[in-house]
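Visitor: Have a look at the structure that comes next, please.
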Amino acid sequence: MSIIILKKKYIYNNNMKQQIFRILPDLHTLLLILSCFNIKNIKHDIVLDISKLDNCEILSSFNKIYDKLSQKYRKSVINKIYEKLTIQKCITILKQNLKINNYKLIKINKLYYFKDIEYLMKKNQITIVFD
């Protein structure tokens, strides 16, 4: 007999979802946001180097998807984000949408890494075997 214990540090708080989103974003919304950063699809260990991207182009792309995001986010949240849109706020939007889709964005030395939460949970699982 064995018991598998998964570490729960990666689970997204349900109250946080309700504070940020009216409707939970789907994979299509995430792909729209990723396209703003010139990323075509999502997978584990993608590296995003913001310094190599054109900031004006990213901000322009985010302005184009405002209508789509405003359908998902609470009005007060999206208005506050877009009040003075910056690259850091765009990254925050990306992080929030990744988290809903079981990914995490981790910053290491000015580079952002995409991490699949399910992959990390399986990697961090503990198996206890009783003889």
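Scheme for the structure tokens: letters A, B, ... for chains in order shown; per-chain residue numbers from 1; ligand numbers from 1 in order shown.
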Residues of stretch 15-129 of chain A in alpha helix (DSSP H) according to DSSP, as a ChimeraX atom specification?
Guide: /A:15-20,27-36,55-64,66-72,75-83,87-100,117-123
Visitor: Enter the distance from atom CA of A:Ile58 to atom CA of A:Arg22, in Å, rounded to one decimal.
Guide: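 About the pair atom CA of A:Ile58 and atom CA of A:Arg22: they are 24.4 Å apart.
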Visitor: Give me, please, the distance in Å between atom CA of A:Ile108 and atom CA of A:Ile78, quoted to one decimal.
Guide: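 Interatomic distance here is 27.2 Å.
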Visitor: With only C-alpha atoms as the counted atoms, please give the residues lying no more than 10 Å from A:Leu32, apart from itself and same-chain residues fewer than 6 positions off, as a list in words.
Guide: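 With the cut-off at 10 Å, the set is Asn38, Ile39, Lys40, Asn41, Ser61, Phe62, Ile65, Lys68, Leu69 and Leu94 of chain A.
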Visitor: Near stretch 81-87 of chain A, counting only C-alpha atoms, which residues have an atom at most 9 Å away, once you skip same-chain residues fewer than 6 positions from it, shown as a list in words?
Guide: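 In the requested format, the answer is Ile50, Asn55, Cys56, Ile58, Leu59, Phe62, Asn63, Tyr66 and Ile93 of chain A.
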Visitor: Mind giving me the straight-line distance from atom CA of A:Ile23 to atom CA of A:Arg74 in Å, one decimal?
Guide: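 Here the two named atoms are 8.4 Å from each other.
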Visitor: With distances taken over only C-alpha atoms, which residue among A:Lys72, A:Leu105, A:Cys36, A:Val47 lies nearest A:Cys90?
Guide: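 Smallest separation from A:Cys90 among the options: A:Cys36.
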Visitor: Under the rule that only C-alpha atoms are counted, which of A:Lys17, A:Thr92, A:Lys75, A:Ser60 is the nearest residue to A:Ser35?
Guide: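 Answer, going by the shortest atom-to-atom distance: A:Ser60.
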Visitor: Excluding same-chain residues fewer than 3 positions from A:Lys107, what lies within 12 Å of it counting only C-alpha atoms, as a list in words?
Guide: Asp45, Ile46, Val47, Leu48, Asp49, Ile50, Ile91, Thr92, Lys95, Lys104, Lys110, Leu111, Tyr112, Tyr113, Phe114 and Lys115 of chain A
Visitor: Please write the residues from the selection above to a file, keeping N, CA and C atoms, as a PDB file, in the first residue's frame.
Guide:
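Saved result, part_15.pdb, follows:
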```pdb
ATOM      1  N   ASP A  45       8.738  25.412 -19.280  1.00  0.00           N
ATOM      2  CA  ASP A  45      10.107  25.902 -19.473  1.00  0.00           C
ATOM      3  C   ASP A  45      10.332  26.803 -20.694  1.00  0.00           C
ATOM      4  N   ILE A  46       9.314  27.503 -21.136  1.00  0.00           N
ATOM      5  CA  ILE A  46       9.520  28.556 -22.135  1.00  0.00           C
ATOM      6  C   ILE A  46      10.209  29.716 -21.424  1.00  0.00           C
ATOM      7  N   VAL A  47      11.141  30.353 -22.102  1.00  0.00           N
ATOM      8  CA  VAL A  47      11.847  31.495 -21.518  1.00  0.00           C
ATOM      9  C   VAL A  47      11.382  32.763 -22.225  1.00  0.00           C
ATOM     10  N   LEU A  48      11.035  33.767 -21.447  1.00  0.00           N
ATOM     11  CA  LEU A  48      10.601  35.058 -21.977  1.00  0.00           C
ATOM     12  C   LEU A  48      11.605  36.116 -21.548  1.00  0.00           C
ATOM     13  N   ASP A  49      12.239  36.741 -22.527  1.00  0.00           N
ATOM     14  CA  ASP A  49      13.208  37.803 -22.265  1.00  0.00           C
ATOM     15  C   ASP A  49      12.581  39.126 -22.703  1.00  0.00           C
ATOM     16  N   ILE A  50      12.072  39.871 -21.743  1.00  0.00           N
ATOM     17  CA  ILE A  50      11.374  41.126 -22.027  1.00  0.00           C
ATOM     18  C   ILE A  50      12.304  42.148 -22.681  1.00  0.00           C
ATOM     19  N   ILE A  91       2.730  42.050 -17.585  1.00  0.00           N
ATOM     20  CA  ILE A  91       3.267  40.804 -17.033  1.00  0.00           C
ATOM     21  C   ILE A  91       2.368  40.290 -15.911  1.00  0.00           C
ATOM     22  N   THR A  92       1.815  41.199 -15.118  1.00  0.00           N
ATOM     23  CA  THR A  92       0.881  40.810 -14.066  1.00  0.00           C
ATOM     24  C   THR A  92      -0.355  40.142 -14.665  1.00  0.00           C
ATOM     25  N   LYS A  95       0.642  36.713 -15.696  1.00  0.00           N
ATOM     26  CA  LYS A  95       0.769  35.830 -14.525  1.00  0.00           C
ATOM     27  C   LYS A  95      -0.597  35.352 -14.034  1.00  0.00           C
ATOM     28  N   LYS A 104       2.778  28.850 -14.039  1.00  0.00           N
ATOM     29  CA  LYS A 104       3.340  29.865 -13.159  1.00  0.00           C
ATOM     30  C   LYS A 104       4.447  30.577 -13.925  1.00  0.00           C
ATOM     31  N   LYS A 110      16.249  38.587 -14.634  1.00  0.00           N
ATOM     32  CA  LYS A 110      15.626  39.356 -15.711  1.00  0.00           C
ATOM     33  C   LYS A 110      15.019  38.494 -16.819  1.00  0.00           C
ATOM     34  N   LEU A 111      14.917  37.207 -16.600  1.00  0.00           N
ATOM     35  CA  LEU A 111      14.248  36.305 -17.538  1.00  0.00           C
ATOM     36  C   LEU A 111      13.035  35.704 -16.838  1.00  0.00           C
ATOM     37  N   TYR A 112      11.967  35.481 -17.597  1.00  0.00           N
ATOM     38  CA  TYR A 112      10.762  34.872 -17.061  1.00  0.00           C
ATOM     39  C   TYR A 112      10.652  33.453 -17.613  1.00  0.00           C
ATOM     40  N   TYR A 113      10.372  32.518 -16.722  1.00  0.00           N
ATOM     41  CA  TYR A 113      10.238  31.117 -17.105  1.00  0.00           C
ATOM     42  C   TYR A 113       8.804  30.662 -16.857  1.00  0.00           C
ATOM     43  N   PHE A 114       8.235  29.965 -17.826  1.00  0.00           N
ATOM     44  CA  PHE A 114       6.912  29.391 -17.686  1.00  0.00           C
ATOM     45  C   PHE A 114       7.060  28.011 -17.061  1.00  0.00           C
ATOM     46  N   LYS A 115       6.310  27.772 -16.005  1.00  0.00           N
ATOM     47  CA  LYS A 115       6.366  26.482 -15.320  1.00  0.00           C
ATOM     48  C   LYS A 115       4.969  25.879 -15.261  1.00  0.00           C
TER      49      LYS A 115
END
```
Visitor: Measuring atom to atom with only C-alpha atoms, identify which of A:Gln88, A:Ser76, A:Asn102, A:Ser70 is nearest to A:Lys43.
Guide: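 Between A:Gln88, A:Ser76, A:Asn102, A:Ser70, the residue approaching A:Lys43 most closely is A:Asn102.
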Visitor: Report the residues of stretch 32-109 of chain A whose backbone DSSP state falls under strand (DSSP E), written as a PyMOL selection string.
Guide: chain A and resi 47-48+103-108
Visitor: As a list in words, please: the residues near A:Asn101 (cut-off 12 Å, only C-alpha atoms, same-chain neighbours under 2 positions excluded).
Guide: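 Contacts, in chain order: Tyr10, Ile11, Tyr12, Lys17, Leu24, Pro25, Asp26, Leu27, His28, Thr29, Leu30, Leu31, Ile42, Lys43, Leu94, Lys95, Gln96, Asn97, Leu98, Lys99, Tyr103, Lys104, Leu105, Phe114, Lys115, Asp116, Ile117 and Glu118 of chain A.
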Visitor: From the set A:Ile106, A:Phe21, A:Ile100, A:Met16, which residue has the shortest atom-to-atom contact distance to A:Gln71, counting only C-alpha atoms?
Guide: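 When distances to A:Gln71 are compared using only C-alpha atoms, the smallest one comes from A:Phe21.
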